[in-house]
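Below is one structure, written out as structure tokens, with a few remarks after it.
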Amino acid sequence: MNEAPFVVRARGLTKHYRLYPGPAARVLEWVTRRRRHELHEALHELDFEQARGEGIAIIGENGAGKSTLLKLVAGVTQPTRGEIEVLGRTAAILELGSGFHPHFTGRQNIRLNAALLGLAEDEIRRREPEIVDWSELGSFIDRPVREYSSGMVVRLGFSIATQVDPDVLIVDEALSVGDGYFQKKSMDRMVRFIESGGTLLFCSHALYAISAFCQRALWLRNGRRVAFGPTHEVVREYETYLMGRNANGAPTGSAADRRETAISEGAPAHIVEVRALDRSGARPVWHLGEPVRFEMTFATDDPARAIHCGALIEAEDGTVVASLGSQSSGDGETFTGSVRHRVVLEIESLPLLKGSYSMTFLLLDERGLHVYDRRDIRQALLVESEHFESGFVRIPHCWRHE
Amino acid sequence: MIRYRFLLRELVLRDLKIRYAGSLLGFLWAFVHPLWQLAIYSVVFSGILRTPLEGQGTKSFPVFLFAGLLMWMAFGEGLSRGTAAVVESANLVSKLRFPSSILVVAVTLSALLHASIATGVFLIMRIAIGGVAWPALPGFVIAVVLQYSLTVGVAWLLAALYVFLRDVQQVLTLVLSAIFYLTPIVYPPAIVPKRFQWIIGLNPLSTLVALYRAFLVGSPPPAWSAVLVLAVVSALALVSGIVVFRRLSGLFADEL
């Protein structure tokens, strides 16, 4: 394959869906040649290019055209106008569940799926053990897929899609199903896929995860491109937009999305206890400039497991005032070497002004990416102040006469 | 197509396996069904209605009947299952990129294979007893080829339409049951009144049945003109099936 500057390129990509009021309308249209449908424009004149080895996140609200775009890239559906070029083999995990036959066993579905993805017989035979291993379905691999939980289906689908060596991997919301352990495993796999030169197109509401393996993000709204650029910039814009919508009463938001990604059930690490040091009583009170210390006790399943700790300080309206992660403080090292840890979060001098702040304590994986466990403590920090400054924090400063 | 040979084999095997998965008798059902039909039709049309078999190469009604039923098994089953093939695999079509036409090929091929098991058993019995007309073997081979292209062609056409219009399957069931009795399967063509003989002549399926019987039973072969009509109809079915399927298949994923 020659070195083209792109792997995926969309130019003027437009997709219309025809909506018929009923089956009779379609027959009448065929016969009379008069239009009897309404058009729904799922994508409008979209342009973008994706380079080899790049991860691009597609973000946007429900109905923005994300899934349509992924289907077009996967080649499952055809554009109404414009063109989409994809160089190389694609493997896609579209929406929930995938192209499985319910009556067939997992193993039979592996063969069938890999064959549908265009793999030759000997290739399939060679990869089958790896696919089976990675999915960790155990004896279920020889049971019919209809007996699988939705999480198991995604596990198998993800295992196949990532192990057929696609040039472009397309993942649509697959990570919202399944337990925490597999979410982490899948994320690690995608990170490695990108690191080894793979091209990823990823769609998720978990904005937190997106930033980890997508260099750029494409924000869609009503089938149109709102922004396309470095992930942190686009995600920030998008979050601001969502917050604005929240303020107007729409029941969605990034904070809620982030909360959904927290799974502690059967997680490899969990928080045992969090308590404030140097304070007693049900409603401890702090003052600006005071030292603050919290002690967190947590347990892991394996002494070799490496854990990052984190804490978010949130204002009453849910705005995140600060995030304190062990990966970005001190020596940035993980906590490891034991199944039980007692760690202390120390803030030398509290910069917060008067107010009531909630805190969320987090246990994260060694990349600081996947959340193993979290604990929300409402009104963790009650700060009283004699001053009447406005805002959340005091930033050291001075006014000088020049 | 070479690239998808393995896929086709997987699909056909899957189809053959899935049919009897979870049943006690398993593959034995492949024999029970045709034998049961054979028994019913023999009792009704030979035992009760006394259908005459003069000049058909055999005195045994079941033998005469079975040769025709074998053709119908592959055709009727291939058509009704082929029509549903794309819709039934909606989860594949809407999630993976592959030529969906292969789904229709797989089930029609599976129906043919299914019928050929019964054909094989029947052929062995006929050889043992004697009565196979070997000179008619080329005609039989031609019949199988033309029958398959007719089946897969019409199945492609209907499968594509079925995605958009679910009435297709209902209509097909009605049409198939009519065609079954309009084709000389449970009766010899000779007993059809003179003024309806042209229907038999135009019906490509009756030519197929005649070619089957000429080989397996030793009945008189069909006229060359009838074989020509059959060949033209099969070719037309194949071409129109391919054209329509190609035109519509790009829209399948949006509809399913």
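Ligands are numbered from 1 in the order shown, residues from 1 within each chain, and chains are lettered A, B, ... in the order they appear in the structure tokens.
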When you get a sec, could you note down which chain A residues fall within 6 Å of chain B, using only C-alpha atoms, as a PDB file with N, CA and C atoms, in the first residue's frame?
```
ATOM      1  N   GLY A  75     -18.425   1.062   6.164  1.00  0.00           N
ATOM      2  CA  GLY A  75     -18.868   0.571   4.865  1.00  0.00           C
ATOM      3  C   GLY A  75     -20.158  -0.225   4.928  1.00  0.00           C
ATOM      4  N   VAL A  76     -20.850  -0.139   6.051  1.00  0.00           N
ATOM      5  CA  VAL A  76     -22.092  -0.887   6.199  1.00  0.00           C
ATOM      6  C   VAL A  76     -23.217  -0.196   5.439  1.00  0.00           C
ATOM      7  N   THR A  77     -23.167   1.130   5.398  1.00  0.00           N
ATOM      8  CA  THR A  77     -24.191   1.868   4.674  1.00  0.00           C
ATOM      9  C   THR A  77     -23.521   2.831   3.693  1.00  0.00           C
ATOM     10  N   GLY A  99     -22.461  -8.633  15.049  1.00  0.00           N
ATOM     11  CA  GLY A  99     -22.956  -9.569  14.057  1.00  0.00           C
ATOM     12  C   GLY A  99     -22.832 -11.014  14.485  1.00  0.00           C
ATOM     13  N   ALA A 115     -14.640 -14.637   9.170  1.00  0.00           N
ATOM     14  CA  ALA A 115     -14.827 -14.887   7.743  1.00  0.00           C
ATOM     15  C   ALA A 115     -15.555 -13.709   7.097  1.00  0.00           C
TER      16      ALA A 115
END
```
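Residues with any atom within 10 Å of Tyr357 in chain A, counting only C-alpha atoms and excluding same-chain neighbours fewer than 6 positions away, are Leu312, Ile313, Glu314, Ala315, Glu316, Asp317, Gly318, Thr319, Val320, Val321, Ile377, Arg378, Gln379, Ala380, Leu381, Leu382, Val383 and Phe392 of chain A.
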Writer output for current selection, all heavy atoms, as a compact mmCIF listing (two decimals), in the first residue's frame:
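Saved as again-v6.txt:
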```txt
# COMPACT_ATOMS: atom_id res chain seq x y z
N LEU A 312 -11.43 14.79 43.40
CA LEU A 312 -12.00 15.95 42.72
C LEU A 312 -12.66 16.82 43.79
O LEU A 312 -13.31 16.30 44.70
CB LEU A 312 -13.08 15.53 41.71
CG LEU A 312 -12.64 14.62 40.56
CD1 LEU A 312 -13.87 14.14 39.81
CD2 LEU A 312 -11.70 15.36 39.64
N ILE A 313 -12.47 18.11 43.67
CA ILE A 313 -13.17 19.02 44.57
C ILE A 313 -14.23 19.73 43.73
O ILE A 313 -13.91 20.32 42.69
CB ILE A 313 -12.20 20.04 45.20
CG1 ILE A 313 -11.12 19.29 45.99
CG2 ILE A 313 -12.96 21.01 46.09
CD1 ILE A 313 -10.06 20.19 46.57
N GLU A 314 -15.47 19.59 44.16
CA GLU A 314 -16.56 20.16 43.37
C GLU A 314 -17.33 21.19 44.17
O GLU A 314 -17.60 20.99 45.36
CB GLU A 314 -17.52 19.05 42.93
CG GLU A 314 -16.93 18.13 41.88
CD GLU A 314 -17.79 16.89 41.61
OE1 GLU A 314 -18.97 16.91 41.97
OE2 GLU A 314 -17.24 15.92 41.06
N ALA A 315 -17.71 22.26 43.50
CA ALA A 315 -18.54 23.27 44.14
C ALA A 315 -19.98 22.75 44.21
O ALA A 315 -20.30 21.71 43.64
CB ALA A 315 -18.46 24.57 43.35
N GLU A 316 -20.84 23.50 44.84
CA GLU A 316 -22.21 23.02 45.05
C GLU A 316 -22.98 22.81 43.75
O GLU A 316 -23.85 21.96 43.68
CB GLU A 316 -22.98 24.02 45.94
CG GLU A 316 -22.72 23.76 47.41
CD GLU A 316 -23.42 24.77 48.30
OE1 GLU A 316 -23.42 25.96 47.94
OE2 GLU A 316 -23.95 24.36 49.34
N ASP A 317 -22.61 23.58 42.72
CA ASP A 317 -23.32 23.42 41.44
C ASP A 317 -22.72 22.34 40.57
O ASP A 317 -23.11 22.16 39.43
CB ASP A 317 -23.34 24.76 40.69
CG ASP A 317 -21.94 25.22 40.31
OD1 ASP A 317 -20.97 24.53 40.69
OD2 ASP A 317 -21.82 26.25 39.64
N GLY A 318 -21.74 21.60 41.11
CA GLY A 318 -21.16 20.50 40.35
C GLY A 318 -19.91 20.88 39.56
O GLY A 318 -19.26 20.03 38.97
N THR A 319 -19.60 22.16 39.54
CA THR A 319 -18.38 22.58 38.84
C THR A 319 -17.16 21.97 39.53
O THR A 319 -17.04 22.02 40.75
CB THR A 319 -18.25 24.11 38.89
OG1 THR A 319 -19.45 24.67 38.40
CG2 THR A 319 -17.07 24.59 38.06
N VAL A 320 -16.31 21.38 38.73
CA VAL A 320 -15.09 20.83 39.30
C VAL A 320 -14.11 21.98 39.52
O VAL A 320 -13.68 22.66 38.59
CB VAL A 320 -14.46 19.77 38.38
CG1 VAL A 320 -13.15 19.26 38.97
CG2 VAL A 320 -15.43 18.61 38.20
N VAL A 321 -13.77 22.20 40.78
CA VAL A 321 -12.87 23.30 41.12
C VAL A 321 -11.42 22.87 40.92
O VAL A 321 -10.60 23.63 40.42
CB VAL A 321 -13.10 23.75 42.59
CG1 VAL A 321 -12.11 24.84 42.97
CG2 VAL A 321 -14.53 24.20 42.77
N ILE A 377 -18.17 12.23 48.62
CA ILE A 377 -18.46 12.73 49.96
C ILE A 377 -19.04 14.13 49.82
O ILE A 377 -18.34 15.06 49.42
CB ILE A 377 -17.19 12.75 50.83
CG1 ILE A 377 -16.57 11.35 50.86
CG2 ILE A 377 -17.53 13.23 52.24
CD1 ILE A 377 -15.30 11.26 51.64
N ARG A 378 -20.32 14.21 50.07
CA ARG A 378 -20.98 15.52 49.95
C ARG A 378 -20.55 16.40 51.12
O ARG A 378 -20.40 15.92 52.24
CB ARG A 378 -22.49 15.35 49.93
CG ARG A 378 -22.97 14.58 48.70
CD ARG A 378 -24.46 14.74 48.50
NE ARG A 378 -24.82 16.14 48.26
CZ ARG A 378 -24.62 16.76 47.10
NH1 ARG A 378 -24.05 16.13 46.11
NH2 ARG A 378 -24.99 18.01 46.95
N GLN A 379 -20.37 17.63 50.85
CA GLN A 379 -19.95 18.61 51.86
C GLN A 379 -18.73 18.13 52.63
O GLN A 379 -18.67 18.19 53.85
CB GLN A 379 -21.10 18.89 52.84
CG GLN A 379 -22.34 19.40 52.12
CD GLN A 379 -23.43 19.81 53.07
OE1 GLN A 379 -23.52 19.30 54.18
NE2 GLN A 379 -24.27 20.73 52.63
N ALA A 380 -17.76 17.63 51.88
CA ALA A 380 -16.53 17.14 52.51
C ALA A 380 -15.74 18.29 53.10
O ALA A 380 -15.06 18.14 54.12
CB ALA A 380 -15.68 16.40 51.48
N LEU A 381 -15.83 19.42 52.46
CA LEU A 381 -15.07 20.58 52.91
C LEU A 381 -16.03 21.74 53.16
O LEU A 381 -16.58 22.30 52.21
CB LEU A 381 -14.05 20.99 51.85
CG LEU A 381 -12.81 20.12 51.64
CD1 LEU A 381 -12.06 20.59 50.43
CD2 LEU A 381 -11.92 20.14 52.87
N LEU A 382 -16.20 22.07 54.42
CA LEU A 382 -16.97 23.27 54.74
C LEU A 382 -15.95 24.34 55.08
O LEU A 382 -15.19 24.20 56.03
CB LEU A 382 -17.90 23.02 55.92
CG LEU A 382 -19.09 22.12 55.62
CD1 LEU A 382 -19.83 21.78 56.90
CD2 LEU A 382 -20.03 22.79 54.64
N VAL A 383 -15.92 25.37 54.28
CA VAL A 383 -14.91 26.40 54.48
C VAL A 383 -15.59 27.67 54.96
O VAL A 383 -16.56 28.14 54.35
CB VAL A 383 -14.13 26.67 53.18
CG1 VAL A 383 -12.98 27.64 53.45
CG2 VAL A 383 -13.62 25.37 52.61
N PHE A 392 -14.18 31.02 44.00
CA PHE A 392 -13.95 29.77 44.72
C PHE A 392 -12.62 29.77 45.46
O PHE A 392 -12.49 29.19 46.52
CB PHE A 392 -13.92 28.59 43.75
CG PHE A 392 -15.24 28.33 43.10
CD1 PHE A 392 -15.35 28.31 41.71
CD2 PHE A 392 -16.36 28.09 43.87
CE1 PHE A 392 -16.56 28.04 41.11
CE2 PHE A 392 -17.57 27.83 43.26
CZ PHE A 392 -17.68 27.81 41.88
```
Counting only C-alpha atoms, what is within 12 Å of Leu28 in chain B, bar same-chain residues fewer than 5 positions away, as an MDAnalysis selection string? chainID B and resid 19:21 23 33:35 114 117:118
Quick one: write out the picked residues with all heavy atoms as an mmCIF file, in the first residue's frame?
```
data_model
loop_
_atom_site.group_PDB
_atom_site.id
_atom_site.type_symbol
_atom_site.label_atom_id
_atom_site.label_comp_id
_atom_site.auth_asym_id
_atom_site.auth_seq_id
_atom_site.Cartn_x
_atom_site.Cartn_y
_atom_site.Cartn_z
ATOM 1 N N ARG B 19 -30.346 -26.170 11.555
ATOM 2 C CA ARG B 19 -31.691 -26.641 11.287
ATOM 3 C C ARG B 19 -32.128 -27.712 12.290
ATOM 4 O O ARG B 19 -33.262 -27.767 12.714
ATOM 5 C CB ARG B 19 -31.736 -27.204 9.872
ATOM 6 C CG ARG B 19 -33.130 -27.396 9.397
ATOM 7 C CD ARG B 19 -33.142 -27.849 7.980
ATOM 8 N NE ARG B 19 -32.180 -27.124 7.146
ATOM 9 C CZ ARG B 19 -32.318 -27.037 5.831
ATOM 10 N NH1 ARG B 19 -33.333 -27.577 5.241
ATOM 11 N NH2 ARG B 19 -31.421 -26.412 5.112
ATOM 12 N N TYR B 20 -31.182 -28.548 12.667
ATOM 13 C CA TYR B 20 -31.561 -29.640 13.567
ATOM 14 C C TYR B 20 -30.943 -29.495 14.948
ATOM 15 O O TYR B 20 -31.016 -30.413 15.756
ATOM 16 C CB TYR B 20 -31.159 -30.979 12.940
ATOM 17 C CG TYR B 20 -31.747 -31.141 11.571
ATOM 18 C CD1 TYR B 20 -30.960 -31.093 10.444
ATOM 19 C CD2 TYR B 20 -33.127 -31.292 11.423
ATOM 20 C CE1 TYR B 20 -31.509 -31.207 9.182
ATOM 21 C CE2 TYR B 20 -33.684 -31.395 10.171
ATOM 22 C CZ TYR B 20 -32.875 -31.356 9.044
ATOM 23 O OH TYR B 20 -33.436 -31.450 7.811
ATOM 24 N N ALA B 21 -30.335 -28.323 15.201
ATOM 25 C CA ALA B 21 -29.714 -28.106 16.508
ATOM 26 C C ALA B 21 -30.779 -28.188 17.596
ATOM 27 O O ALA B 21 -31.874 -27.649 17.456
ATOM 28 C CB ALA B 21 -29.026 -26.746 16.544
ATOM 29 N N SER B 23 -32.574 -30.697 18.471
ATOM 30 C CA SER B 23 -33.639 -31.687 18.310
ATOM 31 C C SER B 23 -33.082 -33.079 18.604
ATOM 32 O O SER B 23 -31.902 -33.349 18.406
ATOM 33 C CB SER B 23 -34.219 -31.620 16.892
ATOM 34 O OG SER B 23 -33.290 -32.118 15.958
ATOM 35 N N HIS B 33 -39.040 -35.932 7.004
ATOM 36 C CA HIS B 33 -39.931 -35.016 6.290
ATOM 37 C C HIS B 33 -40.301 -35.501 4.882
ATOM 38 O O HIS B 33 -41.488 -35.633 4.575
ATOM 39 C CB HIS B 33 -39.333 -33.618 6.243
ATOM 40 C CG HIS B 33 -39.672 -32.828 7.468
ATOM 41 N ND1 HIS B 33 -40.964 -32.460 7.770
ATOM 42 C CD2 HIS B 33 -38.895 -32.356 8.458
ATOM 43 C CE1 HIS B 33 -40.974 -31.793 8.908
ATOM 44 N NE2 HIS B 33 -39.720 -31.718 9.361
ATOM 45 N N PRO B 34 -39.309 -35.777 4.031
ATOM 46 C CA PRO B 34 -39.686 -36.224 2.681
ATOM 47 C C PRO B 34 -40.452 -37.547 2.690
ATOM 48 O O PRO B 34 -41.392 -37.719 1.900
ATOM 49 C CB PRO B 34 -38.344 -36.368 1.952
ATOM 50 C CG PRO B 34 -37.292 -36.260 2.983
ATOM 51 C CD PRO B 34 -37.871 -35.556 4.157
ATOM 52 N N LEU B 35 -40.090 -38.462 3.602
ATOM 53 C CA LEU B 35 -40.796 -39.749 3.636
ATOM 54 C C LEU B 35 -42.244 -39.560 4.059
ATOM 55 O O LEU B 35 -43.146 -40.236 3.560
ATOM 56 C CB LEU B 35 -40.071 -40.719 4.582
ATOM 57 C CG LEU B 35 -38.719 -41.227 4.069
ATOM 58 C CD1 LEU B 35 -38.046 -42.121 5.116
ATOM 59 C CD2 LEU B 35 -38.893 -41.985 2.748
ATOM 60 N N HIS B 114 -29.356 -30.343 0.904
ATOM 61 C CA HIS B 114 -30.309 -31.059 1.717
ATOM 62 C C HIS B 114 -31.109 -32.042 0.866
ATOM 63 O O HIS B 114 -31.257 -33.215 1.195
ATOM 64 C CB HIS B 114 -31.225 -30.016 2.336
ATOM 65 C CG HIS B 114 -31.857 -30.476 3.589
ATOM 66 N ND1 HIS B 114 -33.201 -30.364 3.816
ATOM 67 C CD2 HIS B 114 -31.333 -31.038 4.674
ATOM 68 C CE1 HIS B 114 -33.473 -30.844 5.003
ATOM 69 N NE2 HIS B 114 -32.369 -31.260 5.547
ATOM 70 N N ILE B 117 -29.107 -35.070 -0.570
ATOM 71 C CA ILE B 117 -28.917 -36.229 0.308
ATOM 72 C C ILE B 117 -30.019 -37.253 0.023
ATOM 73 O O ILE B 117 -29.760 -38.439 -0.198
ATOM 74 C CB ILE B 117 -28.940 -35.813 1.788
ATOM 75 C CG1 ILE B 117 -27.734 -34.920 2.090
ATOM 76 C CG2 ILE B 117 -28.945 -37.038 2.704
ATOM 77 C CD1 ILE B 117 -27.836 -34.178 3.391
ATOM 78 N N ALA B 118 -31.254 -36.728 -0.002
ATOM 79 C CA ALA B 118 -32.382 -37.603 -0.308
ATOM 80 C C ALA B 118 -32.263 -38.164 -1.724
ATOM 81 O O ALA B 118 -32.548 -39.339 -1.971
ATOM 82 C CB ALA B 118 -33.695 -36.827 -0.152
#
```
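Residues in contact with range 198-205 of chain B at up to 7 Å, not including ones fewer than 2 positions away on its chain and judged by only C-alpha atoms, are Thr183, Phe196, Thr207, Leu208, Val209, Ala226, Val229 and Leu230 of chain B.
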What's around Val87 in chain B at 9 Å? Count only C-alpha atoms, leave out sequence neighbours fewer than 6 positions away in its own chain, and write the answer as a CSV table (one decimal) with N, CA, C and O atoms, in the first residue's frame.
```
chain,number,residue,atom,x,y,z
B,93,VAL,N,-26.1,-7.9,8.4
B,93,VAL,CA,-26.1,-7.0,7.3
B,93,VAL,C,-25.9,-5.5,7.8
B,93,VAL,O,-25.3,-4.7,7.2
B,159,ALA,N,-35.6,-11.7,-2.1
B,159,ALA,CA,-34.9,-11.4,-0.9
B,159,ALA,C,-34.7,-9.8,-0.8
B,159,ALA,O,-34.9,-9.2,0.3
B,160,ALA,N,-34.4,-9.2,-1.9
B,160,ALA,CA,-34.1,-7.8,-2.0
B,160,ALA,C,-35.5,-7.1,-1.7
B,160,ALA,O,-35.5,-6.1,-1.0
B,162,TYR,N,-38.1,-8.2,-0.2
B,162,TYR,CA,-38.6,-8.5,1.1
B,162,TYR,C,-38.1,-7.6,2.2
B,162,TYR,O,-38.7,-7.3,3.2
B,163,VAL,N,-36.9,-7.1,2.0
B,163,VAL,CA,-36.3,-6.1,3.0
B,163,VAL,C,-37.2,-4.9,3.1
B,163,VAL,O,-37.4,-4.4,4.2
B,252,PHE,N,-30.0,-1.9,2.1
B,252,PHE,CA,-30.4,-2.8,3.1
B,252,PHE,C,-30.1,-2.4,4.5
B,252,PHE,O,-31.0,-2.4,5.4
B,256,LEU,N,-32.9,-2.2,7.6
B,256,LEU,CA,-33.0,-3.3,8.6
B,256,LEU,C,-32.8,-2.9,10.1
B,256,LEU,O,-32.1,-1.9,10.3
```
Please list as a PyMOL selection string every residue within 9 Å of Ile131 in chain A, counting only C-alpha atoms and excluding residues in the same chain fewer than 6 positions away. chain A and resi 110+156+159-160+162-164
If you keep N, CA and C atoms, can you produce a file of those selected residues as a compact mmCIF listing (two decimals), in the first residue's frame?
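Contents of the output file again23.txt:
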```txt
# COMPACT_ATOMS: atom_id res chain seq x y z
N ILE A 110 -16.99 -16.87 16.17
CA ILE A 110 -15.66 -16.31 15.88
C ILE A 110 -15.30 -16.61 14.44
N LEU A 156 -16.73 -10.63 23.47
CA LEU A 156 -16.38 -11.46 22.32
C LEU A 156 -16.21 -10.59 21.07
N SER A 159 -13.05 -8.66 21.26
CA SER A 159 -11.90 -9.54 21.09
C SER A 159 -11.67 -9.87 19.61
N ILE A 160 -12.74 -10.14 18.90
CA ILE A 160 -12.59 -10.46 17.47
C ILE A 160 -12.12 -9.23 16.71
N THR A 162 -10.56 -6.60 17.54
CA THR A 162 -9.21 -6.09 17.76
C THR A 162 -8.15 -7.10 17.37
N GLN A 163 -8.55 -8.36 17.17
CA GLN A 163 -7.53 -9.34 16.87
C GLN A 163 -7.48 -9.81 15.44
N VAL A 164 -8.23 -9.15 14.58
CA VAL A 164 -8.14 -9.48 13.17
C VAL A 164 -7.22 -8.48 12.47
```
Between CA of Leu19 in chain A and CA of Ala155 in chain B, what distance in Å does the model show, to one decimal?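 Separation of CA of Leu19 in chain A and CA of Ala155 in chain B: 26.4 Å.
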Point-to-point distance from CA of Trp29 in chain B to CA of Lys59 in chain B, Å rounded to tenths: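 It comes out at 28.1 Å.
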Please provide the set of residues having any atom within 7 Å of range 233-241 of chain B, restricted to only C-alpha atoms, with same-chain residues fewer than 4 positions apart removed, written as a list of chain:residue names.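 These residues fall inside the cut-off: B:Leu146, B:Ser149, B:Leu150, B:Val152, B:Gly153, B:Val154, B:Trp156, B:Leu157, B:Val229, B:Phe245.
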As a PyMOL selection string, please: all residues of range 61-224 of chain A that backbone DSSP puts in helix (DSSP H, G or I). chain A and resi 66-74+106-116+121-135+138-142+145-147+150-163+174-176+180-195+207-213
